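Data block for my_file_22.cif (mmCIF, C-alpha atoms):
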```
data_query
loop_
_atom_site.label_atom_id
_atom_site.label_comp_id
_atom_site.auth_asym_id
_atom_site.auth_seq_id
_atom_site.Cartn_x
_atom_site.Cartn_y
_atom_site.Cartn_z
CA MET A 248 -11.96 -54.14 -3.80
CA ILE A 249 -9.02 -56.17 -5.02
CA LEU A 250 -8.20 -53.60 -7.66
CA LEU A 251 -6.61 -51.58 -4.87
CA LEU A 252 -3.80 -54.14 -4.82
CA TYR A 253 -3.10 -53.48 -8.50
CA LEU A 254 -3.08 -49.75 -7.82
CA SER A 255 -0.68 -50.32 -4.94
CA ALA A 256 1.60 -52.44 -7.14
CA ALA A 257 1.57 -49.83 -9.89
CA LEU A 258 2.47 -47.07 -7.41
CA LEU A 259 5.29 -49.22 -6.03
CA GLY A 260 6.58 -49.87 -9.53
CA ILE A 261 6.57 -46.18 -10.41
CA GLY A 262 8.38 -45.41 -7.16
CA VAL A 263 11.05 -48.05 -7.70
CA ALA A 264 11.56 -46.90 -11.28
CA GLY A 265 11.97 -43.35 -10.01
CA VAL A 266 14.55 -44.33 -7.40
CA ILE A 267 16.55 -46.30 -9.97
CA SER A 268 16.41 -43.84 -12.84
CA SER A 269 16.35 -40.40 -11.24
CA ARG A 270 19.54 -38.40 -10.90
CA ASN A 271 18.05 -35.74 -8.65
CA ILE A 272 18.02 -36.29 -4.90
CA ILE A 273 14.68 -34.52 -4.46
CA ILE A 274 12.96 -36.65 -7.09
CA THR A 275 14.45 -39.73 -5.43
CA ILE A 276 12.87 -38.76 -2.11
CA PHE A 277 9.56 -38.12 -3.88
CA SER A 278 9.84 -41.68 -5.23
CA ILE A 279 10.38 -43.04 -1.73
CA GLU A 280 7.21 -41.22 -0.70
CA LEU A 281 5.38 -42.95 -3.54
CA MET A 282 6.55 -46.33 -2.30
CA LEU A 283 5.35 -45.52 1.21
CA LEU A 284 2.03 -44.44 -0.27
CA SER A 285 1.67 -47.75 -2.08
CA SER A 286 2.14 -49.64 1.19
CA ILE A 287 -0.59 -47.53 2.82
CA VAL A 288 -3.01 -48.42 0.02
CA MET A 289 -2.11 -52.11 0.35
CA LEU A 290 -2.61 -52.08 4.12
CA ALA A 291 -5.95 -50.32 3.73
CA TYR A 292 -7.07 -53.09 1.40
CA GLY A 293 -5.86 -55.64 3.98
CA MET A 294 -7.93 -53.94 6.65
CA GLU A 295 -10.99 -54.13 4.45
CA TYR A 296 -10.30 -57.77 3.59
CA LYS A 297 -9.84 -58.85 7.22
CA GLN A 298 -12.65 -56.58 8.44
CA GLY A 299 -10.57 -55.29 11.33
CA ALA A 300 -8.31 -52.48 12.44
CA ALA A 301 -5.16 -54.60 12.71
CA GLY A 302 -3.26 -52.65 10.06
CA ALA A 303 -3.92 -49.20 11.47
CA GLU A 304 -0.78 -49.24 13.63
CA MET A 305 1.31 -50.06 10.60
CA ILE A 306 -0.24 -47.18 8.70
CA LEU A 307 0.55 -44.83 11.58
CA ALA A 308 4.16 -46.02 11.48
CA ILE A 309 4.31 -45.42 7.72
CA TRP A 310 2.98 -41.90 8.18
CA ALA A 311 5.75 -41.31 10.72
CA VAL A 312 8.38 -42.54 8.26
CA ALA A 313 6.90 -40.33 5.55
CA ALA A 314 7.17 -37.34 7.88
CA LEU A 315 10.78 -38.24 8.67
CA ASP A 316 11.57 -38.22 4.94
CA VAL A 317 10.87 -34.50 5.00
CA ILE A 318 13.52 -33.99 7.67
CA VAL A 319 16.02 -35.92 5.55
CA LEU A 320 15.24 -33.72 2.57
CA VAL A 321 15.62 -30.53 4.62
CA ALA A 322 18.98 -31.73 5.93
CA LEU A 323 20.18 -32.61 2.43
CA TYR A 324 18.94 -29.26 1.18
CA LEU A 325 20.90 -27.38 3.82
CA ILE A 326 24.06 -29.39 3.15
CA LEU A 327 23.98 -29.41 -0.63
CA LYS A 328 22.43 -26.01 -1.36
CA PRO A 329 25.66 -23.95 -1.06
CA ALA A 330 27.22 -25.91 -3.91
CA GLY A 331 24.03 -25.55 -5.96
CA SER A 332 23.90 -29.14 -7.20
CA PHE A 333 21.54 -31.92 -6.14
CA GLU A 334 22.97 -34.72 -8.25
CA ILE A 335 22.68 -38.17 -6.74
CA LYS A 336 26.44 -38.57 -7.10
CA ARG A 337 26.89 -36.06 -4.32
CA PHE A 338 25.71 -38.60 -1.76
CA SER A 339 29.36 -39.64 -1.53
CA GLU A 340 30.13 -36.26 0.02
CA LEU A 341 27.91 -36.99 3.00
CA LYS A 342 30.51 -38.96 4.90
CA GLY A 343 30.60 -38.16 8.57
CA MET B 1205 -21.21 -51.63 -8.93
CA LEU B 1206 -20.56 -50.29 -12.38
CA VAL B 1207 -20.58 -46.73 -11.09
CA GLU B 1208 -18.15 -47.68 -8.32
CA LEU B 1209 -15.83 -49.40 -10.79
CA THR B 1210 -15.91 -46.40 -13.10
CA MET B 1211 -15.14 -44.06 -10.23
CA PHE B 1212 -12.32 -46.30 -9.06
CA PHE B 1213 -10.74 -46.42 -12.50
CA ALA B 1214 -10.99 -42.65 -12.75
CA VAL B 1215 -9.30 -42.25 -9.37
CA ALA B 1216 -6.63 -44.83 -10.24
CA LEU B 1217 -5.93 -43.15 -13.56
CA PHE B 1218 -5.67 -39.77 -11.83
CA THR B 1219 -3.31 -41.18 -9.17
CA LEU B 1220 -1.04 -43.05 -11.56
CA GLY B 1221 -1.01 -40.20 -14.04
CA SER B 1222 0.02 -37.67 -11.45
CA ALA B 1223 2.62 -40.12 -10.08
CA PHE B 1224 4.04 -40.47 -13.58
CA LEU B 1225 4.07 -36.69 -13.99
CA ILE B 1226 6.55 -36.43 -11.10
CA TYR B 1227 9.27 -37.73 -13.41
CA VAL B 1228 8.07 -36.22 -16.66
CA SER B 1229 7.87 -32.67 -15.35
CA LYS B 1230 10.86 -30.52 -16.18
CA SER B 1231 10.74 -28.37 -13.06
CA ILE B 1232 10.83 -29.60 -9.47
CA MET B 1233 7.96 -27.29 -8.57
CA ARG B 1234 5.64 -29.13 -10.92
CA SER B 1235 6.93 -32.44 -9.58
CA ALA B 1236 5.97 -31.32 -6.07
CA ILE B 1237 2.49 -30.33 -7.24
CA SER B 1238 2.18 -33.72 -8.94
CA LEU B 1239 3.18 -35.39 -5.68
CA ALA B 1240 0.43 -33.46 -3.90
CA LEU B 1241 -2.08 -34.67 -6.49
CA THR B 1242 -0.80 -38.23 -6.03
CA PHE B 1243 -1.33 -38.00 -2.27
CA PHE B 1244 -4.84 -36.73 -2.88
CA GLY B 1245 -5.59 -39.52 -5.36
CA ALA B 1246 -4.26 -42.19 -3.01
CA SER B 1247 -6.40 -40.88 -0.19
CA LEU B 1248 -9.40 -40.99 -2.52
CA ALA B 1249 -8.50 -44.61 -3.25
CA LEU B 1250 -8.67 -45.39 0.47
CA LEU B 1251 -12.36 -44.46 0.34
CA PHE B 1252 -12.93 -47.47 -1.91
CA ALA B 1253 -11.57 -49.69 0.88
CA ASN B 1254 -14.20 -48.22 3.24
CA GLN B 1255 -11.47 -46.52 5.27
CA SER B 1256 -12.81 -43.00 5.26
CA ILE B 1257 -11.19 -42.06 8.59
CA LEU B 1258 -7.78 -43.15 7.31
CA ALA B 1259 -8.36 -41.23 4.11
CA LEU B 1260 -9.06 -37.94 5.82
CA LEU B 1261 -6.29 -38.52 8.38
CA GLN B 1262 -3.86 -39.09 5.54
CA LEU B 1263 -4.78 -35.76 3.99
CA LEU B 1264 -4.40 -33.96 7.31
CA ILE B 1265 -1.12 -35.61 8.30
CA LEU B 1266 0.75 -35.57 5.02
CA VAL B 1267 -0.06 -31.97 4.20
CA GLY B 1268 2.64 -30.81 6.63
CA GLY B 1269 5.40 -32.72 4.89
CA LEU B 1270 4.00 -31.81 1.53
CA SER B 1271 4.14 -28.11 2.35
CA THR B 1272 7.82 -28.45 3.23
CA TYR B 1273 8.47 -30.28 -0.02
CA MET B 1274 6.78 -27.52 -1.96
CA ILE B 1275 8.66 -24.75 -0.18
CA ILE B 1276 11.96 -26.46 -0.97
CA ALA B 1277 10.90 -27.14 -4.54
CA PHE B 1278 9.94 -23.51 -5.05
CA SER B 1279 13.42 -22.40 -4.11
CA PHE B 1280 14.64 -23.92 -7.38
CA GLU B 1281 12.12 -22.08 -9.46
CA LYS B 1282 13.21 -19.19 -11.62
CA GLY B 1283 10.46 -16.82 -12.69
CA SER B 1284 6.73 -17.05 -12.09
CA LYS B 1285 4.29 -19.65 -13.33
CA ARG B 1286 1.14 -17.59 -13.55
CA ASN B 1287 -0.89 -20.08 -15.53
CA ALA B 1288 -0.34 -22.91 -13.06
CA SER B 1289 -1.36 -20.71 -10.13
CA LEU B 1290 -4.43 -19.43 -11.96
CA ALA B 1291 -5.58 -22.95 -12.86
CA TYR B 1292 -5.01 -24.15 -9.31
CA PHE B 1293 -6.98 -21.33 -7.74
CA SER B 1294 -9.82 -21.79 -10.20
CA VAL B 1295 -10.15 -25.46 -9.29
CA LEU B 1296 -9.78 -24.65 -5.60
CA ALA B 1297 -12.55 -22.05 -5.76
CA ILE B 1298 -14.90 -24.54 -7.42
CA VAL B 1299 -14.13 -27.19 -4.79
CA VAL B 1300 -14.64 -24.79 -1.91
CA ILE B 1301 -17.96 -23.57 -3.28
CA LEU B 1302 -19.16 -27.15 -3.84
CA SER B 1303 -18.04 -28.14 -0.35
CA PHE B 1304 -20.01 -25.36 1.26
CA ILE B 1305 -23.07 -26.22 -0.79
CA LEU B 1306 -22.75 -29.86 0.34
CA MET B 1307 -22.25 -28.87 3.95
CA LEU B 1308 -25.34 -26.68 3.96
CA LEU B 1309 -27.55 -29.38 2.47
CA PRO B 1310 -29.78 -31.14 4.97
CA ILE B 1311 -28.73 -34.70 5.74
CA GLY B 1312 -31.00 -37.52 6.75
CA GLU B 1313 -31.04 -41.27 6.82
CA SER B 1314 -31.75 -42.94 3.49
CA GLY B 1315 -32.07 -39.63 1.75
CA THR B 1316 -35.01 -38.29 3.72
CA PRO B 1317 -34.59 -34.58 4.30
CA VAL B 1318 -34.30 -33.28 7.85
CA HIS B 1319 -34.89 -29.76 8.97
CA ASN B 1320 -31.55 -28.98 10.55
CA GLY B 1321 -28.57 -28.70 8.23
CA PHE B 1322 -25.16 -30.19 8.73
CA LEU B 1323 -23.70 -27.11 10.32
CA MET B 1324 -26.63 -26.71 12.67
CA SER B 1325 -26.14 -29.92 14.62
CA PHE B 1326 -22.90 -31.66 15.42
CA GLU B 1327 -24.86 -34.66 16.62
CA SER B 1328 -25.53 -35.50 13.02
CA LEU B 1329 -21.79 -35.80 12.38
CA GLU B 1330 -21.67 -39.51 13.08
CA GLU B 1331 -24.68 -40.21 10.94
CA SER B 1332 -23.51 -38.08 8.08
CA SER B 1333 -21.89 -39.38 4.99
CA PRO B 1334 -18.12 -40.02 5.27
CA TYR B 1335 -17.68 -38.22 1.99
CA ILE B 1336 -18.75 -34.95 3.55
CA LEU B 1337 -16.27 -35.47 6.38
CA TYR B 1338 -13.69 -36.11 3.70
CA ILE B 1339 -14.51 -32.84 2.00
CA ILE B 1340 -14.05 -31.05 5.32
CA ALA B 1341 -10.60 -32.65 5.62
CA PHE B 1342 -9.82 -31.70 2.06
CA LEU B 1343 -10.29 -28.02 2.73
CA PRO B 1344 -7.18 -27.55 4.97
CA PHE B 1345 -5.18 -29.72 2.57
CA ALA B 1346 -6.08 -27.57 -0.40
CA GLY B 1347 -5.79 -24.42 1.67
CA ALA B 1348 -2.23 -25.20 2.75
CA ILE B 1349 -1.06 -25.87 -0.78
CA GLY B 1350 -2.95 -22.88 -2.08
CA SER B 1351 -1.39 -20.59 0.52
CA ILE B 1352 2.10 -21.68 -0.51
CA LEU B 1353 1.28 -21.05 -4.15
CA LEU B 1354 -0.12 -17.67 -3.17
CA ILE B 1355 3.03 -16.73 -1.26
CA LYS B 1356 5.10 -17.80 -4.23
CA ARG B 1357 3.03 -15.65 -6.55
CA LEU B 1358 2.95 -12.60 -4.30
CA VAL B 1359 6.53 -12.62 -3.06
CA GLY B 1360 8.19 -14.35 -5.99
CA LYS B 1361 10.64 -16.32 -3.93
CA ILE B 1362 10.20 -18.24 -0.70
CA LEU B 1363 13.68 -19.42 0.27
#
```
Could I get this structure in the form of structure tokens?
Amino acid sequence: MILLLYLSAALLGIGVAGVISSRNIIITIFSIELMLLSSIVMLAYGMEYKQGAAGAEMILAIWAVAALDVIVLVALYLILKPAGSFEIKRFSELKG
Amino acid sequence: MLVELTMFFAVALFTLGSAFLIYVSKSIMRSAISLALTFFGASLALLFANQSILALLQLLILVGGLSTYMIIAFSFEKGSKRNASLAYFSVLAIVVILSFILMLLPIGESGTPVHNGFLMSFESLEESSPYILYIIAFLPFAGAIGSILLIKRLVGKIL
């Protein structure tokens, strides 16, 4: 069903808009998850279109990246929680 | 075809609406719940691409990350949200009851009834409808989110 591509594009658009406009780090990471989700939907449509399982490895890789996003959020939470602010401007404090 | 299109538009509207709610919501807790609904809607959308295994795997894999998101989001929450928890558990109870009714129904090819139910024979698993397998995968997904909401309601604060 080709409408899945439109759904994927809409999810990607919402995710990009969230990354650009959000000032909260947590909402930004949620937006990245949305973009990963849109790529999964697109690859699933590709698998249906090609009638094969060629995209399944890519989907597994995307799931791994989505799981790694959680680790990034936990690390940011532990670093930024003592100051009590999760503004996106505080990324500049994360220098090594 | 018309029924399938209608169902797809309903699923797409649900997914996009809950994705939009991530930004509209004032609290991060509600944003996390909206993200969970978006994951659920996207996995429902995978069913329309005839990828039922991927759909149920997505529910089972992403629920771990989603639980962590929700635990972190709850740490920002001040006070209790009783109405949200009550609505969630009402919907969850309905889904669980419907799932068990569906699982206990006899399954046969082309709608012909067979004598052994779904739970009686695991050999019928491959022949059964992928939607029932999907419901079975949905139960741990909903249970994980529900247990976090329950902890939040009982204890008041998680982190």
Between A:Ala314, A:Leu307, A:Met289, A:Ile272, which one has atoms that come closest to chain B, using all atoms listed in the file?
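Closest candidate: A:Ala314.
When the PyMOL selection byres ((chain A) within 6 of (chain B)) is evaluated against the file, it yields A:Tyr292, A:Glu295, A:Ala314, A:Val317.
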Store the residues picked out above, limited to C-alpha atoms, as a PDB file, keeping the file's coordinate frame.
```pdb
ATOM      1  CA  TYR A 292      -7.070 -53.090   1.400  1.00  0.00           C
ATOM      2  CA  GLU A 295     -10.990 -54.130   4.450  1.00  0.00           C
ATOM      3  CA  ALA A 314       7.170 -37.340   7.880  1.00  0.00           C
ATOM      4  CA  VAL A 317      10.870 -34.500   5.000  1.00  0.00           C
TER       5      VAL A 317
END
```
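You can rank B:Ser1279, B:Leu1358, B:Phe1218, B:Arg1234 by their closest distance to A:Gly331 using only C-alpha atoms, and at the top of that list sits B:Ser1279.
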I'd like to know which of A:Leu259, A:Glu280, A:Ile274, A:Lys342 is closest to A:Ala311, using only C-alpha atoms.
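Using only C-alpha atoms, A:Ala311 sits closest to A:Glu280.
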Could you check the closest approach to B:Tyr1338 for each of B:Ile1257, B:Val1228, B:Ile1352, B:Met1274 and tell me which residue wins, using only C-alpha atoms?
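For B:Tyr1338, the nearest of the given residues is B:Ile1257.
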Interatomic distance (Å, one decimal) between atom CA of A:Ala300 and atom CA of A:Val312
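Those two atoms sit 19.9 Å apart.
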For atom CA of A:Ala264 and atom CA of A:Pro329, quote the distance in Å rounded to one decimal.
28.8 Å
Which one is closest to A:Leu323: A:Leu341, A:Leu290, A:Leu258, A:Ala308? Count all atoms listed in the file.
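Once distances to A:Leu323 are computed over all atoms listed in the file, the minimum belongs to A:Leu341.
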For stretch 1340-1346 of chain B, I'd like the enclosing box, axis-aligned and padded by 6 Å on every side, reported as lines of an AutoDock Vina configuration file with centre and edge lengths in Å to one decimal.
```
center_x = -9.6
center_y = -30.1
center_z = 2.6
size_x = 20.9
size_y = 17.1
size_z = 18.0
```
Atom CA of A:Ala256 to atom CA of A:Tyr296, straight-line distance in Å
16.9 Å
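Shortest atom-to-atom contact with A:Ser268 among A:Leu315, A:Ile335, A:Met305, A:Met294: A:Ile335, counting all atoms listed in the file.
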Determine the residue membership of the PyMOL selection byres ((chain A and resi 271) around 10) for the file above and supply it as a VMD selection string.
(chain A and resid 265 to 266 268 to 270 272 to 276 332 to 337) or (chain B and resid 1232)
Next, dump the selected residues to file, keeping only C-alpha atoms, as a compact mmCIF listing (two decimals), in the coordinates of the input.
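This went into result_31.txt:
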```txt
# COMPACT_ATOMS: atom_id res chain seq x y z
CA GLY A 265 11.97 -43.35 -10.01
CA VAL A 266 14.55 -44.33 -7.40
CA SER A 268 16.41 -43.84 -12.84
CA SER A 269 16.35 -40.40 -11.24
CA ARG A 270 19.54 -38.40 -10.90
CA ILE A 272 18.02 -36.29 -4.90
CA ILE A 273 14.68 -34.52 -4.46
CA ILE A 274 12.96 -36.65 -7.09
CA THR A 275 14.45 -39.73 -5.43
CA ILE A 276 12.87 -38.76 -2.11
CA SER A 332 23.90 -29.14 -7.20
CA PHE A 333 21.54 -31.92 -6.14
CA GLU A 334 22.97 -34.72 -8.25
CA ILE A 335 22.68 -38.17 -6.74
CA LYS A 336 26.44 -38.57 -7.10
CA ARG A 337 26.89 -36.06 -4.32
CA ILE B 1232 10.83 -29.60 -9.47
```
Would you mind listing what lies within 9 Å of A:Ala257 as a tab-separated table (two decimals) with C-alpha atoms, in the frame of the given file, with only C-alpha atoms counted and same-chain residues fewer than 4 positions away left out?
```tsv
chain	number	residue	atom	x	y	z
A	252	LEU	CA	-3.80	-54.14	-4.82
A	253	TYR	CA	-3.10	-53.48	-8.50
A	261	ILE	CA	6.57	-46.18	-10.41
A	262	GLY	CA	8.38	-45.41	-7.16
A	285	SER	CA	1.67	-47.75	-2.08
B	1220	LEU	CA	-1.04	-43.05	-11.56
```
